[in-house]
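Visitor: Submitted below is the structure of interest, expressed as structure tokens.
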Amino acid sequence: AVAAAQRAPDARWAAYVSAFDAYVRTDSIVGAATLLMHDGKVVAHHETGFADRALGQHVDTNTIFHWGSITKTLTAIAVMQMVERGRLSLDSRVTDFIPELRRVHDAWGSMDSVTVQMLLSHASGLQGGTWPWTNGRPWEPFEPTTWEQLVAMMPYQELAFKPGARYSYSNPGFIYLARIVEQLTGDPWEAYVQKNIFAPLGLTRSYFNATPWHLAEYRSNNYYVVRDSSALASRVTANGRDFNPGITVPNGGWNAPLTELATYVAFLTNATEDRGPKTEDAAERRRLYETILPHATLEGMWTPRYATDPAVPAGEWEAMSFFVYRKGDATIVGHTGSQAGFRAFFYWNPATRDAVIAAFNTSNEVDERASSRGYSSLREVAWALLR
């Protein structure tokens, strides 16, 4: 067991790193990092490029990336903590906590039919984007900045399908879930996550919104590859290290280095060293993990519920805030993230406790189709590490 936990990366890791670097070059990515885990331990890592190109600051193991929608898994765990403690039910009506949602048009009946579980599973019928009206003007906010703005938009929105009928990704659904956590606990969502997830896991370099001063030197800038019309070519433009995600923090506001994501994944995979000697440290870690959320509850969150593409039922499935993939005999769980110029993914195999995490500080908007194809191909290579 000890030998397995300390095993060296094999040829698949070399192939993955080669594919990783090729994608970084092809997509004009300024800086990126990735790591491989087994049984809660980092067994290999790789960094390339710049965290800040203008400053000549290279990406290293301390570099802080933005994790976008991977943040949704934190919101889901916070909700499930409320369920586990008997303060909430998965079948609870969302309008019991957020009556303002009754202003959204529901052609299939009443918004009272939308449940907590539907929000967690992206099956409510709510729209995808938090900010559905924008012309891309420089003065427009990046995202809605206050709850009142979100409420003001509700009478001008409608459900896309009968709640619970199918999957459709929704960002605002997770703002509403966070709002429920706030009402039940009296804590702002960010404070609740800090106290009930970050602190017990020892995630001292994870944060939301503006970067704390003592971590500012490690924060990666973020970049877009855009079309330069005057030169008929593309160019890379920096967006600045910090940006304001507004009211959308619960669906995409987490900032942290890859090492902190690794600690989080160790919790998700229940890596407590229970395959070796049952040391006092391992026993304490098991107790701590169960206090945050019992592993059996986490595993229940990975039960596939809706095919993201009903035409390809053997492909990607939405569970409860996690995506599930069938790859041969392996089941892979994970999530992706994309906000501002940052992109990221993390995946793991619950059976083997192997995991891969990656982050990029650049998005290519010149040829989004080619960029998406390259990103998807890289994820396929990453999944091969977990089988």
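Labels used: A, B, ... for chains in the order of the structure tokens, numbers from 1 for residues in each chain, and numbers from 1 for ligands as shown.
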Find the residues around A:Ala178 up to 7 Å (only C-alpha atoms counted), leave out those fewer than 4 positions away in its own chain, and share them as number ranges by chain.
Guide: A: 75, 174, 182, 189, 250
Visitor: Taking 2 positions as the minimum chain separation for residues in the same chain, which residues sit within 10 Å of stretch 8-19 of chain A when counting only C-alpha atoms? Answer as a PyMOL selection string.
Guide: chain A and resi 3-6+21-25+34-38+43-47+374+377-386
Visitor: Find the distance between atom CA of A:Gly246 and atom CA of A:Arg166 and write it in Å to one decimal.
Guide: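 Spanning atom CA of A:Gly246 to atom CA of A:Arg166 is a straight-line distance of 28.5 Å.
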Visitor: Residues near A:His295, anyone? I mean within 10 Å using only C-alpha atoms, not counting same-chain ones fewer than 5 positions away, as a list in words.
Guide: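 Close residues of A:His295: Phe267, Leu268, Thr269, Asn270, Arg286, Tyr289, Glu290, Gly300 and Met301 of chain A.
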Visitor: Using only C-alpha atoms, find each residue of stretch 65-179 of chain A with at least one atom at most 12 Å away from an atom of stretch 342-353 of chain A; report its shortest atom-to-atom pair and that distance in Å (one decimal), sort the rows by chain and rising residue number, and return the result as a tab-separated table.
Guide:
residue	atom	partner	partner_atom	distance
A:Phe65	CA	A:Phe342	CA	7.3
A:His66	CA	A:Phe342	CA	6.0
A:Trp67	CA	A:Ala344	CA	5.9
A:Gly68	CA	A:Arg343	CA	7.1
A:Ser69	CA	A:Ala344	CA	8.8
A:Ile70	CA	A:Phe345	CA	7.6
A:Thr71	CA	A:Ala344	CA	11.0
A:Thr73	CA	A:Phe346	CA	11.2
Visitor: Of the candidates A:Asp52, A:Asp27, A:Glu158, A:Asp354, which one gets nearest to A:Pro132 if we count only C-alpha atoms?
Guide: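 Going through A:Asp52, A:Asp27, A:Glu158, A:Asp354 one by one, the smallest distance to A:Pro132 is for A:Glu158.
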Visitor: Quick one: residues within 12 Å of A:Asn209, only C-alpha atoms counted, chain neighbours fewer than 2 positions away excluded, as a ChimeraX atom specification?
Guide: /A:66,68,145,190,206-207,211-212,241-250,252-256
Visitor: From stretch 130-326 of chain A, collect each residue whose DSSP state is strand (DSSP E) and return the set as a ChimeraX atom specification.
Guide: /A:223-228,233-238,255-257,306-307,316-318,323-326
Visitor: For each of A:Glu143, A:Glu217, A:Asp96, A:Asp112, take the minimum atom-to-atom distance to A:Arg179, counting only C-alpha atoms, then give the residue where this is smallest.
Guide: A:Asp96
Visitor: Using only C-alpha atoms for the distances, tell me which of A:Arg285, A:Arg305, A:Arg227, A:Arg235 is nearest to A:Leu201.
Guide: A:Arg285
Visitor: With distances taken over only C-alpha atoms, which residue among A:Ser113, A:Thr26, A:Thr259, A:Thr331 lies nearest A:Glu316?
Guide: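 That would be A:Thr331, the residue with the smallest distance to A:Glu316.
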Visitor: When you draw a straight line from atom CA of A:Ala33 to atom CA of A:Phe360, how long is it in Å?
Guide: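 Here the two named atoms are 6.7 Å from each other.
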Visitor: Just want the 10 Å neighbourhood of A:Thr291, counted on only C-alpha atoms, with same-chain residues fewer than 3 positions away dropped. Output as a PyMOL selection string.
Guide: chain A and resi 81+196-197+200+285-288+294-295
Visitor: Would you write out those residues with N, CA and C atoms, as a JSON list (two decimals), in the first residue's frame?
Guide:
[["chain", "number", "residue", "atom", "x", "y", "z"],
["A", 81, "GLN", "N", -24.38, 20.19, 3.72],
["A", 81, "GLN", "CA", -24.18, 20.30, 5.17],
["A", 81, "GLN", "C", -25.48, 20.67, 5.86],
["A", 196, "ASN", "N", -16.53, 26.72, 7.48],
["A", 196, "ASN", "CA", -17.01, 25.34, 7.50],
["A", 196, "ASN", "C", -16.37, 24.41, 6.47],
["A", 197, "ILE", "N", -15.59, 24.98, 5.53],
["A", 197, "ILE", "CA", -14.88, 24.15, 4.56],
["A", 197, "ILE", "C", -13.40, 24.52, 4.53],
["A", 200, "PRO", "N", -11.47, 24.10, 8.34],
["A", 200, "PRO", "CA", -11.16, 22.74, 8.79],
["A", 200, "PRO", "C", -10.20, 21.99, 7.87],
["A", 285, "ARG", "N", -7.93, 12.68, 10.69],
["A", 285, "ARG", "CA", -8.33, 13.16, 9.37],
["A", 285, "ARG", "C", -9.70, 12.58, 8.99],
["A", 286, "ARG", "N", -9.91, 11.31, 9.28],
["A", 286, "ARG", "CA", -11.21, 10.71, 9.01],
["A", 286, "ARG", "C", -12.31, 11.42, 9.79],
["A", 287, "ARG", "N", -12.03, 11.72, 11.05],
["A", 287, "ARG", "CA", -13.02, 12.41, 11.87],
["A", 287, "ARG", "C", -13.32, 13.79, 11.29],
["A", 288, "LEU", "N", -12.27, 14.49, 10.88],
["A", 288, "LEU", "CA", -12.44, 15.83, 10.32],
["A", 288, "LEU", "C", -13.25, 15.79, 9.04],
["A", 294, "PRO", "N", -20.07, 13.71, 5.61],
["A", 294, "PRO", "CA", -19.81, 12.27, 5.51],
["A", 294, "PRO", "C", -19.53, 11.85, 4.07],
["A", 295, "HIS", "N", -18.56, 10.95, 3.93],
["A", 295, "HIS", "CA", -18.18, 10.55, 2.57],
["A", 295, "HIS", "C", -19.34, 9.86, 1.85]]
Visitor: Which is closer to A:Met154 than all the others in A:His58, A:Met111, A:His105, A:His122, using only C-alpha atoms?
Guide: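 When distances to A:Met154 are compared using only C-alpha atoms, the smallest one comes from A:His105.
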